[in-house]
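Data file: run31.txt. Format and content: compact mmCIF, C-alpha atoms.
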```txt
# COMPACT_ATOMS: atom_id res chain seq x y z
CA MET A 1 25.74 3.96 6.33
CA LEU A 2 23.22 4.88 3.63
CA ASP A 3 21.60 7.49 5.90
CA SER A 4 24.68 9.61 5.41
CA VAL A 5 24.04 9.73 1.64
CA PRO A 6 20.45 11.07 1.48
CA SER A 7 20.30 11.41 -2.31
CA PHE A 8 21.14 7.71 -2.61
CA ALA A 9 18.56 6.73 0.01
CA THR A 10 15.92 8.87 -1.76
CA LEU A 11 16.55 7.20 -5.09
CA VAL A 12 16.30 3.74 -3.49
CA SER A 13 12.92 4.70 -1.95
CA GLU A 14 11.61 6.08 -5.24
CA LEU A 15 12.72 3.01 -7.23
CA ALA A 16 11.21 0.69 -4.60
CA LYS A 17 7.79 2.20 -5.36
CA LEU A 18 7.86 0.61 -8.82
CA PRO A 19 5.97 -2.69 -9.17
CA GLY A 20 8.03 -5.84 -8.63
CA ILE A 21 11.01 -3.83 -7.34
CA GLY A 22 11.86 -4.41 -3.68
CA ARG A 23 14.44 -2.51 -1.63
CA LYS A 24 17.24 -4.92 -2.58
CA THR A 25 16.67 -4.57 -6.32
CA ALA A 26 16.15 -0.81 -5.90
CA SER A 27 19.51 -0.55 -4.19
CA ARG A 28 21.17 -2.61 -6.93
CA LEU A 29 19.67 -0.34 -9.59
CA ALA A 30 20.75 2.79 -7.70
CA PHE A 31 24.35 1.51 -7.46
CA PHE A 32 24.22 0.78 -11.20
CA ILE A 33 22.98 4.30 -11.98
CA LEU A 34 25.71 5.68 -9.72
CA LYS A 35 28.37 3.92 -11.82
CA GLN A 36 26.94 4.98 -15.18
CA PRO A 37 28.20 8.05 -17.03
CA PRO A 38 26.10 11.14 -16.13
CA GLU A 39 24.62 11.35 -19.68
CA GLN A 40 23.09 7.92 -19.22
CA ALA A 41 21.38 8.81 -15.94
CA GLU A 42 20.32 12.12 -17.45
CA ALA A 43 18.74 10.27 -20.41
CA LEU A 44 16.73 8.05 -18.06
CA ALA A 45 15.53 11.01 -15.97
CA ALA A 46 14.62 12.94 -19.13
CA ALA A 47 12.73 9.94 -20.57
CA ILE A 48 10.60 9.71 -17.42
CA LYS A 49 9.77 13.42 -17.51
CA SER A 50 9.11 13.38 -21.23
CA LEU A 51 6.70 10.45 -20.90
CA LYS A 52 4.56 12.38 -18.43
CA GLU A 53 4.75 15.59 -20.43
CA LYS A 54 4.03 14.19 -23.88
CA VAL A 55 1.80 11.16 -23.49
CA ARG A 56 -1.93 11.80 -23.33
CA PHE A 57 -4.90 9.59 -23.99
CA CYS A 58 -6.73 9.53 -27.32
CA SER A 59 -9.96 11.60 -27.05
CA HIS A 60 -11.74 8.85 -28.91
CA CYS A 61 -10.55 5.47 -27.59
CA PHE A 62 -8.36 6.52 -24.59
CA GLN A 63 -5.31 4.61 -25.81
CA MET A 64 -2.08 6.53 -25.24
CA THR A 65 -0.85 8.93 -27.89
CA GLU A 66 1.22 12.10 -28.20
CA HIS A 67 -1.54 13.80 -30.22
CA ASP A 68 -5.29 14.38 -29.87
CA PHE A 69 -6.13 11.06 -31.48
CA CYS A 70 -4.12 7.83 -31.49
CA SER A 71 -2.58 6.25 -34.58
CA ILE A 72 -5.24 3.51 -34.67
CA CYS A 73 -8.22 5.87 -34.56
CA MET A 74 -6.53 8.00 -37.27
CA ASP A 75 -5.92 5.01 -39.56
CA PRO A 76 -8.60 4.98 -42.33
CA ARG A 77 -7.94 1.28 -43.04
CA ARG A 78 -9.29 0.23 -39.62
CA ASP A 79 -12.84 -1.13 -39.49
CA GLY A 80 -15.02 1.25 -37.48
CA SER A 81 -17.85 -1.29 -37.18
CA LEU A 82 -15.75 -3.53 -34.90
CA LEU A 83 -14.91 -2.29 -31.40
CA CYS A 84 -12.65 -4.13 -28.96
CA ILE A 85 -12.99 -3.15 -25.29
CA VAL A 86 -9.91 -3.62 -23.10
CA GLU A 87 -8.97 -2.67 -19.55
CA GLU A 88 -5.57 -1.03 -20.06
CA PRO A 89 -3.39 0.53 -22.80
CA GLN A 90 -1.02 -2.47 -22.60
CA ASP A 91 -3.90 -4.76 -23.62
CA VAL A 92 -4.17 -2.87 -26.92
CA VAL A 93 -0.46 -3.54 -27.45
CA ALA A 94 -1.00 -7.27 -26.77
CA ILE A 95 -3.87 -7.53 -29.28
CA GLU A 96 -2.07 -5.45 -31.92
CA ARG A 97 0.92 -7.76 -31.58
CA SER A 98 -1.33 -10.69 -32.57
CA ARG A 99 -2.18 -8.94 -35.91
CA SER A 100 -5.60 -10.57 -35.70
CA PHE A 101 -7.79 -7.51 -35.26
CA GLN A 102 -8.50 -4.69 -37.71
CA GLY A 103 -11.17 -2.78 -35.81
CA LEU A 104 -10.94 0.04 -33.27
CA TYR A 105 -10.45 -0.07 -29.49
CA HIS A 106 -11.93 1.40 -26.36
CA VAL A 107 -9.69 1.47 -23.29
CA LEU A 108 -11.65 1.44 -20.01
CA HIS A 109 -8.63 2.34 -17.83
CA GLY A 110 -9.50 -0.27 -15.22
CA ALA A 111 -12.16 -2.82 -14.37
CA LEU A 112 -15.27 -2.61 -12.22
CA SER A 113 -14.51 -3.22 -8.56
CA PRO A 114 -17.43 -2.17 -6.34
CA LEU A 115 -15.50 -3.06 -3.16
CA ASP A 116 -12.79 -0.55 -4.10
CA GLY A 117 -15.44 2.02 -5.02
CA ILE A 118 -14.71 1.68 -8.74
CA GLY A 119 -18.05 1.91 -10.53
CA PRO A 120 -18.85 2.55 -14.22
CA ASP A 121 -18.31 6.30 -13.91
CA ALA A 122 -14.75 5.82 -12.66
CA LEU A 123 -13.99 4.03 -15.94
CA LYS A 124 -14.45 5.20 -19.54
CA ILE A 125 -17.89 3.54 -19.65
CA PRO A 126 -19.98 6.74 -20.07
CA GLU A 127 -17.69 7.61 -23.04
CA LEU A 128 -18.25 4.09 -24.42
CA LYS A 129 -22.05 4.49 -24.25
CA LYS A 130 -21.79 7.78 -26.14
CA ARG A 131 -19.57 6.15 -28.75
CA LEU A 132 -22.10 3.38 -29.38
CA MET A 133 -24.98 5.83 -29.81
CA ASP A 134 -24.36 6.75 -33.46
CA GLY A 135 -24.98 3.17 -34.64
CA SER A 136 -21.74 2.73 -36.60
CA VAL A 137 -20.47 -0.06 -34.32
CA LYS A 138 -21.96 -3.45 -35.29
CA GLU A 139 -19.94 -5.73 -33.00
CA VAL A 140 -18.26 -5.21 -29.64
CA ILE A 141 -15.55 -7.70 -28.60
CA ILE A 142 -15.12 -7.65 -24.84
CA ALA A 143 -11.46 -8.33 -24.08
CA THR A 144 -11.31 -7.53 -20.37
CA ASN A 145 -9.13 -9.87 -18.32
CA PHE A 146 -10.29 -13.34 -17.32
CA ASN A 147 -10.26 -12.72 -13.57
CA VAL A 148 -13.05 -11.72 -11.17
CA LYS A 149 -12.95 -7.98 -11.92
CA GLY A 150 -12.56 -8.50 -15.65
CA GLU A 151 -15.45 -10.99 -15.82
CA THR A 152 -17.68 -8.71 -13.71
CA THR A 153 -16.91 -5.86 -16.10
CA ALA A 154 -17.61 -8.09 -19.10
CA LEU A 155 -21.02 -9.11 -17.71
CA TYR A 156 -21.91 -5.50 -16.92
CA LEU A 157 -20.90 -4.34 -20.41
CA ALA A 158 -22.76 -7.17 -22.15
CA ARG A 159 -25.98 -6.20 -20.34
CA LEU A 160 -25.40 -2.55 -21.18
CA ILE A 161 -24.61 -3.07 -24.87
CA ARG A 162 -27.01 -5.83 -25.99
CA PRO A 163 -30.14 -3.57 -25.83
CA LEU A 164 -28.39 -1.19 -28.27
CA ASN A 165 -28.72 -3.84 -30.99
CA VAL A 166 -24.96 -4.43 -31.18
CA ARG A 167 -23.47 -7.94 -31.37
CA VAL A 168 -21.48 -8.65 -28.18
CA THR A 169 -18.65 -11.24 -28.26
CA ARG A 170 -15.91 -12.28 -25.87
CA LEU A 171 -12.36 -13.59 -26.56
CA ALA A 172 -12.41 -17.39 -26.86
CA HIS A 173 -11.29 -19.62 -23.98
CA GLY A 174 -9.27 -22.71 -24.87
CA ILE A 175 -5.87 -24.39 -24.88
CA PRO A 176 -2.97 -21.95 -25.46
CA LEU A 177 -0.97 -22.68 -28.63
CA GLY A 178 2.04 -24.96 -28.18
CA SER A 179 0.82 -26.37 -24.84
CA ASP A 180 1.08 -29.88 -23.47
CA LEU A 181 -2.44 -30.91 -22.54
CA GLU A 182 -1.33 -32.56 -19.29
CA TYR A 183 -0.15 -29.23 -17.85
CA ILE A 184 -3.34 -27.27 -18.56
CA ASP A 185 -5.76 -26.78 -15.65
CA GLU A 186 -8.95 -28.83 -15.78
CA ALA A 187 -11.29 -25.83 -16.04
CA THR A 188 -9.56 -24.67 -19.24
CA VAL A 189 -9.58 -28.20 -20.70
CA GLY A 190 -13.29 -28.44 -19.83
CA ARG A 191 -14.05 -25.18 -21.64
CA ALA A 192 -12.01 -26.32 -24.65
CA VAL A 193 -13.98 -29.56 -24.88
CA THR A 194 -17.33 -27.74 -24.65
CA ALA A 195 -16.28 -25.15 -27.23
CA ARG A 196 -14.68 -27.74 -29.56
CA GLN A 197 -14.54 -26.77 -33.22
CA GLU A 198 -14.94 -28.57 -36.59
CA PHE A 199 -11.49 -29.74 -37.75
CA MET B 200 1.59 0.47 -32.04
CA LEU B 201 4.30 1.70 -29.65
CA ASP B 202 6.24 3.31 -32.52
CA SER B 203 3.53 5.93 -32.68
CA VAL B 204 4.28 6.97 -29.07
CA PRO B 205 8.03 7.73 -29.22
CA SER B 206 8.33 9.07 -25.67
CA PHE B 207 6.97 5.76 -24.37
CA ALA B 208 9.30 3.73 -26.59
CA THR B 209 12.27 5.85 -25.41
CA LEU B 210 11.49 5.26 -21.74
CA VAL B 211 11.19 1.51 -22.35
CA SER B 212 14.64 1.49 -24.03
CA GLU B 213 16.21 3.49 -21.21
CA LEU B 214 14.69 1.30 -18.48
CA ALA B 215 15.78 -1.86 -20.34
CA LYS B 216 19.42 -0.74 -19.96
CA LEU B 217 19.17 -1.30 -16.19
CA PRO B 218 20.55 -4.62 -14.92
CA GLY B 219 18.04 -7.45 -14.62
CA ILE B 220 15.36 -5.45 -16.46
CA GLY B 221 14.36 -6.85 -19.84
CA ARG B 222 12.06 -5.22 -22.37
CA LYS B 223 8.95 -6.83 -20.88
CA THR B 224 9.64 -5.55 -17.36
CA ALA B 225 10.71 -2.18 -18.78
CA SER B 226 7.39 -1.89 -20.57
CA ARG B 227 5.49 -2.85 -17.40
CA LEU B 228 7.40 -0.19 -15.44
CA ALA B 229 6.74 2.43 -18.13
CA PHE B 230 3.00 1.70 -18.07
CA PHE B 231 3.10 1.99 -14.28
CA ILE B 232 4.87 5.36 -14.47
CA LEU B 233 2.32 6.49 -17.07
CA LYS B 234 -0.50 5.77 -14.61
CA GLN B 235 1.11 7.49 -11.65
CA PRO B 236 0.38 11.11 -10.75
CA PRO B 237 2.90 13.47 -12.42
CA GLU B 238 4.46 14.43 -9.04
CA GLN B 239 5.46 10.81 -8.51
CA ALA B 240 7.21 10.49 -11.88
CA GLU B 241 8.78 13.89 -11.30
CA ALA B 242 10.12 12.71 -7.93
CA LEU B 243 11.73 9.65 -9.53
CA ALA B 244 13.32 11.70 -12.33
CA ALA B 245 14.58 14.26 -9.79
CA ALA B 246 16.02 11.51 -7.55
CA ILE B 247 18.02 10.10 -10.48
CA LYS B 248 19.40 13.52 -11.39
CA SER B 249 20.12 14.41 -7.79
CA LEU B 250 22.05 11.17 -7.24
CA LYS B 251 24.41 11.98 -10.10
CA GLU B 252 24.74 15.63 -9.06
CA LYS B 253 25.27 15.14 -5.35
CA VAL B 254 27.00 11.83 -4.82
CA ARG B 255 30.79 11.83 -5.08
CA PHE B 256 33.39 9.47 -3.75
CA CYS B 257 35.25 10.07 -0.48
CA SER B 258 38.72 11.48 -1.22
CA HIS B 259 40.12 9.13 1.38
CA CYS B 260 38.41 5.73 0.98
CA PHE B 261 36.36 6.22 -2.23
CA GLN B 262 33.10 5.19 -0.61
CA MET B 263 30.19 7.32 -1.79
CA THR B 264 29.37 10.51 0.07
CA GLU B 265 27.80 13.91 -0.57
CA HIS B 266 30.80 15.68 0.99
CA ASP B 267 34.59 15.59 0.59
CA PHE B 268 34.92 12.75 3.07
CA CYS B 269 32.46 9.98 3.91
CA SER B 270 30.74 9.55 7.26
CA ILE B 271 32.96 6.59 8.17
CA CYS B 272 36.26 8.37 7.52
CA MET B 273 34.94 11.38 9.48
CA ASP B 274 33.91 9.27 12.49
CA PRO B 275 36.57 9.63 15.26
CA ARG B 276 35.38 6.38 16.92
CA ARG B 277 36.52 4.26 13.96
CA ASP B 278 39.84 2.42 14.33
CA GLY B 279 42.31 3.80 11.79
CA SER B 280 44.75 0.90 12.31
CA LEU B 281 42.32 -1.56 10.65
CA LEU B 282 41.63 -1.23 6.93
CA CYS B 283 39.10 -3.32 5.01
CA ILE B 284 39.53 -3.45 1.23
CA VAL B 285 36.40 -4.06 -0.84
CA GLU B 286 35.55 -3.98 -4.53
CA GLU B 287 32.44 -1.81 -4.59
CA PRO B 288 30.54 0.75 -2.46
CA GLN B 289 27.75 -1.80 -1.88
CA ASP B 290 30.27 -4.12 -0.19
CA VAL B 291 30.86 -1.45 2.46
CA VAL B 292 27.10 -1.40 3.05
CA ALA B 293 27.07 -5.20 3.43
CA ILE B 294 29.89 -5.19 6.01
CA GLU B 295 28.46 -2.22 7.92
CA ARG B 296 25.17 -4.08 8.14
CA SER B 297 26.96 -6.92 9.95
CA ARG B 298 28.09 -4.47 12.71
CA SER B 299 31.23 -6.55 13.07
CA PHE B 300 33.84 -4.08 11.86
CA GLN B 301 34.99 -0.84 13.45
CA GLY B 302 37.89 0.07 11.18
CA LEU B 303 38.07 2.07 7.97
CA TYR B 304 37.51 1.00 4.35
CA HIS B 305 39.17 1.31 0.98
CA VAL B 306 36.93 0.86 -2.06
CA LEU B 307 38.81 -0.35 -5.15
CA HIS B 308 35.93 0.31 -7.58
CA GLY B 309 36.38 -2.99 -9.33
CA ALA B 310 38.64 -6.03 -9.36
CA LEU B 311 41.72 -6.87 -11.41
CA SER B 312 40.83 -8.38 -14.77
CA PRO B 313 43.83 -8.40 -17.12
CA LEU B 314 41.75 -9.85 -19.97
CA ASP B 315 39.46 -6.82 -19.85
CA GLY B 316 42.45 -4.50 -19.59
CA ILE B 317 41.75 -3.69 -15.94
CA GLY B 318 45.10 -3.45 -14.18
CA PRO B 319 46.04 -1.94 -10.80
CA ASP B 320 46.04 1.61 -12.13
CA ALA B 321 42.42 1.33 -13.32
CA LEU B 322 41.46 0.64 -9.68
CA LYS B 323 42.13 2.68 -6.54
CA ILE B 324 45.31 0.65 -5.87
CA PRO B 325 47.84 3.53 -6.28
CA GLU B 326 45.73 5.47 -3.74
CA LEU B 327 45.80 2.44 -1.43
CA LYS B 328 49.60 2.23 -1.57
CA LYS B 329 49.86 5.92 -0.70
CA ARG B 330 47.43 5.40 2.21
CA LEU B 331 49.54 2.59 3.65
CA MET B 332 52.77 4.63 3.49
CA ASP B 333 52.30 6.60 6.70
CA GLY B 334 52.40 3.42 8.84
CA SER B 335 49.15 4.01 10.75
CA VAL B 336 47.49 0.90 9.30
CA LYS B 337 48.45 -2.28 11.19
CA GLU B 338 46.11 -4.77 9.55
CA VAL B 339 44.49 -4.97 6.14
CA ILE B 340 41.44 -7.23 5.73
CA ILE B 341 40.97 -8.16 2.09
CA ALA B 342 37.24 -8.49 1.45
CA THR B 343 37.18 -8.72 -2.34
CA ASN B 344 34.64 -11.19 -3.74
CA PHE B 345 35.28 -14.93 -3.70
CA ASN B 346 35.29 -15.37 -7.47
CA VAL B 347 38.18 -15.50 -9.96
CA LYS B 348 38.63 -11.72 -10.29
CA GLY B 349 38.23 -11.12 -6.57
CA GLU B 350 40.71 -13.86 -5.63
CA THR B 351 43.23 -12.59 -8.23
CA THR B 352 42.91 -9.12 -6.74
CA ALA B 353 43.31 -10.51 -3.21
CA LEU B 354 46.52 -12.35 -4.17
CA TYR B 355 47.91 -9.27 -5.89
CA LEU B 356 47.13 -7.07 -2.90
CA ALA B 357 48.57 -9.54 -0.39
CA ARG B 358 51.90 -9.57 -2.29
CA LEU B 359 51.85 -5.79 -2.51
CA ILE B 360 51.04 -5.15 1.15
CA ARG B 361 53.03 -7.81 3.06
CA PRO B 362 56.45 -6.15 2.38
CA LEU B 363 55.09 -2.99 4.01
CA ASN B 364 55.06 -4.79 7.36
CA VAL B 365 51.28 -4.78 7.60
CA ARG B 366 49.28 -7.83 8.68
CA VAL B 367 47.16 -9.12 5.78
CA THR B 368 43.99 -11.13 6.48
CA ARG B 369 41.09 -12.36 4.37
CA LEU B 370 37.41 -12.92 5.30
CA ALA B 371 36.93 -16.47 6.62
CA HIS B 372 35.48 -19.21 4.45
CA GLY B 373 33.05 -21.63 6.07
CA ILE B 374 29.47 -22.74 6.47
CA PRO B 375 26.94 -19.87 6.28
CA LEU B 376 24.88 -19.42 9.46
CA GLY B 377 21.58 -21.29 9.54
CA SER B 378 22.59 -23.71 6.76
CA ASP B 379 21.85 -27.41 6.41
CA LEU B 380 25.19 -29.12 5.91
CA GLU B 381 23.84 -31.44 3.23
CA TYR B 382 23.09 -28.52 0.90
CA ILE B 383 26.52 -26.89 1.14
CA ASP B 384 28.93 -27.54 -1.76
CA GLU B 385 31.82 -29.89 -0.97
CA ALA B 386 34.55 -27.27 -1.49
CA THR B 387 33.02 -25.07 1.23
CA VAL B 388 32.59 -28.02 3.60
CA GLY B 389 36.23 -28.99 2.92
CA ARG B 390 37.45 -25.50 3.77
CA ALA B 391 35.29 -25.46 6.92
CA VAL B 392 36.83 -28.76 8.08
CA THR B 393 40.39 -27.55 7.46
CA ALA B 394 39.73 -24.23 9.18
CA ARG B 395 37.83 -25.84 12.11
CA GLN B 396 37.87 -23.89 15.35
CA GLU B 397 38.06 -24.76 19.08
CA PHE B 398 34.51 -25.13 20.44
```

Please rewrite the model in this file as C-alpha cells.
Amino acid sequence: MLDSVPSFATLVSELAKLPGIGRKTASRLAFFILKQPPEQAEALAAAIKSLKEKVRFCSHCFQMTEHDFCSICMDPRRDGSLLCIVEEPQDVVAIERSRSFQGLYHVLHGALSPLDGIGPDALKIPELKKRLMDGSVKEVIIATNFNVKGETTALYLARLIRPLNVRVTRLAHGIPLGSDLEYIDEATVGRAVTARQEF
Amino acid sequence: MLDSVPSFATLVSELAKLPGIGRKTASRLAFFILKQPPEQAEALAAAIKSLKEKVRFCSHCFQMTEHDFCSICMDPRRDGSLLCIVEEPQDVVAIERSRSFQGLYHVLHGALSPLDGIGPDALKIPELKKRLMDGSVKEVIIATNFNVKGETTALYLARLIRPLNVRVTRLAHGIPLGSDLEYIDEATVGRAVTARQEF
C-alpha cells in the first residue's frame, strides 16, 4: 500500500534514521505531519535546514554557536583559568544547567576509541593542547562520560595535561541526590564510602 | 546556554510538537541532526516538504495518494461490492497488511465526537452516502476503532446504511492470536465466549 505513495515512504525512511525512532514510530510521525496544516510542516522543514545553515562551532571551545565565538567564550565574567573538558555540545548544556561552573569549556566532539579508529587527532585534542600552551589555564576539569571510552579519554588527557603544570580534576563519583541507598549499585556505593566527606 | 543558539532552540520546539516527543527527546534529535552531514538533514527537510506537496487524498475513498485516485481504487482486481470504512489512512495500511480484504475502502478522517463539535459533516460521511447511492456496494464492513468515539461512529453509520439495503458488518471481537487466555481482560473473554465458533 505505502509503495504507491513514494513521498510518504521516503519520509518514513528518513525519520527512521533518527536515533530511538523505529519504522513504527516513523510512520506514526509521518501520518501526524500529513494531518498538520502545511505551515506547520513547512516550519519543521525550515527549522532543520536553518539549523544546518546557521549553527557552527565556536573557534575557541567548539561548542555550538551562530557566530565565530560562543556566548560562553564571549562572556567576560567567566573564569578563564578553569577549563572543563566534555565530549559533546549537549554535555555543556547539562553542566550549565547545574549553575555550578563559571569557567570555560572545551568540547572534544567525541571520545577516544582506538578500535573505531578514533585517535586524538580525530577529536579536538590538538586544539586543546594549543589552548593550554599560553599558561592561562590553571585547572582542567575532565568531564568526559563515565563509560569505557570516556574513562580512556580521561586517562589519556590527564597524562597529556599534568606535565604542563596544570591541575587536573575529574567530576566526583557518589550517590545521586534524592536517591534511596538500597537501589544504588554496589560499585557506586563503594566509591561514595571511599570518597566520604566531612559533614 | 541554548538561548544563544536560536536556530537550535527553534528546531527543538518544532520537534517537540510531534506526538510522543518531549523536549528531552527533541533536544537529542536536534543534536543528532546537528552532527549529521548536511545532505542528510537536507534529505529529511526535503522529505517533509515533499510529503505535504505531493500527498493528496483519493477523490473516491480519501486514502492518501499522489494522484487523483489511490492505487486501491484504481486496481481492477478489487471487489467494488465490499466497502470497508475506517477512521484514518493508517487503518487502511493495517488492514492491507493482514491481506484478508479484497474490497475497497472509505476513510472517514476521524470519528464522531459531538463534545468536540465533530459531527457527520466534519467527516467524509456525506461522501460515503453519495458513494452508496449507486447500489454497487452490497456489504459495508465498519472498521472504526473499538473505543467510545469509534463505537459511536459505528452505531451512527449502521443506522444510516441499513435502510439503504446494504449488509452492515463489524470487525469481530475475540481473543488476539498467540495470546495467553489468563492475560486477556474479562470483557474480551466474555465476547469471545458469546461469539464462539464451530471448530

From B:Leu376, B:Ile294, B:Glu252, B:Ser226, residue lying nearest Glu265 of chain B [all atoms listed in the file]: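 Under the stated criterion, the closest residue is B:Glu252.
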
What's the 10 Å shell around His60 of chain A, counting all atoms listed in the file, without same-chain residues fewer than 5 positions away, as a tab-separated table (two decimals) with C-alpha atoms, in the coordinates of the input?
```tsv
chain	number	residue	atom	x	y	z
A	68	ASP	CA	-5.29	14.38	-29.87
A	69	PHE	CA	-6.13	11.06	-31.48
A	70	CYS	CA	-4.12	7.83	-31.49
A	73	CYS	CA	-8.22	5.87	-34.56
A	74	MET	CA	-6.53	8.00	-37.27
A	104	LEU	CA	-10.94	0.04	-33.27
A	105	TYR	CA	-10.45	-0.07	-29.49
A	106	HIS	CA	-11.93	1.40	-26.36
A	107	VAL	CA	-9.69	1.47	-23.29
A	127	GLU	CA	-17.69	7.61	-23.04
A	128	LEU	CA	-18.25	4.09	-24.42
A	131	ARG	CA	-19.57	6.15	-28.75
```

With only C-alpha atoms as the atoms that count, which of A:Ile184, A:Asp79, A:Leu112, A:Arg23 lies nearest to Leu157 of chain A?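 Checking each of A:Ile184, A:Asp79, A:Leu112, A:Arg23 against Leu157 of chain A, counting only C-alpha atoms, the winner is A:Leu112.
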
Atom pair atom CA of Met263 of chain B / atom CA of Gly302 of chain B: separation (Å):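 Separation between atom CA of Met263 of chain B and atom CA of Gly302 of chain B: 16.7 Å.
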
Contact table chain A vs chain B, cut-off 8 Å, shortest pair per residue, all atoms listed in the file, as a Markdown table:
```
| residue | atom | partner | partner_atom | distance |
| --- | --- | --- | --- | --- |
| A:Met1 | CA | B:Val292 | CA | 6.4 |
| A:Leu2 | CA | B:Val292 | CA | 7.4 |
| A:Ser4 | CA | B:Ser270 | CA | 6.3 |
| A:Val5 | CA | B:Thr264 | CA | 5.6 |
| A:Ser7 | CA | B:Leu250 | CA | 5.2 |
| A:Phe8 | CA | B:Leu250 | CA | 5.9 |
| A:Thr10 | CA | B:Ala246 | CA | 6.4 |
| A:Leu11 | CA | B:Ala246 | CA | 5.0 |
| A:Glu14 | CA | B:Leu243 | CA | 5.6 |
| A:Leu15 | CA | B:Leu243 | CA | 7.1 |
| A:Leu18 | CA | B:Leu228 | CA | 6.7 |
| A:Pro19 | CA | B:Leu228 | CA | 6.9 |
| A:Leu29 | CA | B:Leu217 | CA | 6.7 |
| A:Phe31 | CA | B:Gln289 | CA | 7.3 |
| A:Phe32 | CA | B:Leu217 | CA | 7.4 |
| A:Ile33 | CA | B:Ile247 | CA | 7.8 |
| A:Leu34 | CA | B:Lys251 | CA | 6.4 |
| A:Pro38 | CA | B:Lys251 | CA | 6.3 |
| A:Ala41 | CA | B:Ile247 | CA | 6.5 |
| A:Glu42 | CA | B:Lys248 | CA | 6.3 |
| A:Ala43 | CA | B:Glu213 | CA | 7.3 |
| A:Leu44 | CA | B:Glu213 | CA | 5.6 |
| A:Ala45 | CA | B:Ala244 | CA | 4.3 |
| A:Ala46 | CA | B:Ala244 | CA | 7.0 |
| A:Ala47 | CA | B:Leu210 | CA | 5.0 |
| A:Ile48 | CA | B:Ala244 | CA | 6.1 |
| A:Lys49 | CA | B:Glu241 | CA | 6.3 |
| A:Ser50 | CA | B:Ser206 | CA | 6.2 |
| A:Leu51 | CA | B:Ser206 | CA | 5.2 |
| A:Lys52 | CA | B:Pro237 | CA | 6.3 |
| A:Lys54 | CA | B:Ser206 | CA | 6.9 |
| A:Val55 | CA | B:Ser206 | CA | 7.2 |
| A:Met64 | CA | B:Val204 | CA | 7.4 |
| A:Thr65 | CA | B:Val204 | CA | 5.6 |
| A:Glu66 | CA | B:Val204 | CA | 6.0 |
| A:Cys70 | CA | B:Ser203 | CA | 8.0 |
| A:Ser71 | CA | B:Ser203 | CA | 6.4 |
| A:Ile72 | CA | B:Met200 | CA | 7.9 |
| A:Gln90 | CA | B:Phe230 | CA | 7.4 |
| A:Val93 | CA | B:Met200 | CA | 6.4 |
| A:Glu96 | CA | B:Met200 | CA | 7.0 |
```

Counting all atoms listed in the file, figure out which residue out of A:Leu83, A:Ala111, A:Leu181, A:Val189 gets nearest to Ile161 of chain A.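 Closest to Ile161 of chain A of all the choices is A:Leu83.
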
One-decimal distance in Å that lies between atom CA of Pro325 of chain B and atom CA of Arg276 of chain B: 26.5 Å

One decimal, Å: what's the distance from atom CA of Gly174 of chain A over to atom CA of Glu139 of chain A, could you say?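 For atom CA of Gly174 of chain A relative to atom CA of Glu139 of chain A, the distance reads 21.6 Å.
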
Let me make sure I understand: among A:Glu198, A:Arg191, A:Cys61, A:Arg170, which one has the smallest atom-to-atom distance to Asn145 of chain A if we use only C-alpha atoms? A:Arg170

Need to verify the contact set: Pro114 of chain A, 12 Å, only C-alpha atoms, exclusion of same-chain residues closer than 3 positions in sequence. Can you return it as number ranges by chain? A: 111, 117-123, 148-149, 152-153, 156

Export C-alpha atoms of the chosen residues as a PDB file, in the frame of the given file?
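Output below, filename selection11.pdb:
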```pdb
ATOM      1  CA  ALA A 111     -12.160  -2.820 -14.370  1.00  0.00           C
ATOM      2  CA  GLY A 117     -15.440   2.020  -5.020  1.00  0.00           C
ATOM      3  CA  ILE A 118     -14.710   1.680  -8.740  1.00  0.00           C
ATOM      4  CA  GLY A 119     -18.050   1.910 -10.530  1.00  0.00           C
ATOM      5  CA  PRO A 120     -18.850   2.550 -14.220  1.00  0.00           C
ATOM      6  CA  ASP A 121     -18.310   6.300 -13.910  1.00  0.00           C
ATOM      7  CA  ALA A 122     -14.750   5.820 -12.660  1.00  0.00           C
ATOM      8  CA  LEU A 123     -13.990   4.030 -15.940  1.00  0.00           C
ATOM      9  CA  VAL A 148     -13.050 -11.720 -11.170  1.00  0.00           C
ATOM     10  CA  LYS A 149     -12.950  -7.980 -11.920  1.00  0.00           C
ATOM     11  CA  THR A 152     -17.680  -8.710 -13.710  1.00  0.00           C
ATOM     12  CA  THR A 153     -16.910  -5.860 -16.100  1.00  0.00           C
ATOM     13  CA  TYR A 156     -21.910  -5.500 -16.920  1.00  0.00           C
TER      14      TYR A 156
END
```

Using only C-alpha atoms, which residues sit within 12 Å of Ala386 of chain B once same-chain residues fewer than 4 positions away are excluded, as a list in words?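 Close residues of Ala386 of chain B: His372, Gly373, Ile374, Tyr382, Arg390, Ala391, Val392 and Thr393 of chain B.
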
What box, with edges along x, y and z, holds each listed atom of segment 221-234 of chain B when 4 Å is added on every side, and can you state its centre and edge lengths in Å to one decimal, as JSON?
```
{"center_x": 6.9, "center_y": -0.2, "center_z": -18.3, "size_x": 22.9, "size_y": 21.3, "size_z": 16.1}
```

Determine, counting all atoms listed in the file, which protein, DNA and RNA residues have an atom within 10 Å of an atom of Leu82 of chain A; residues of the same chain fewer than 4 positions away are not included. Present the result as a PyMOL selection string. chain A and resi 78+101-105+136-141+166-167

Would you mind telling me which residue in A:Ala195, A:Val86, A:Leu132, A:Ala143 lies nearest to Arg162 of chain A when using all atoms listed in the file?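 For Arg162 of chain A, the nearest of the candidates is A:Leu132.
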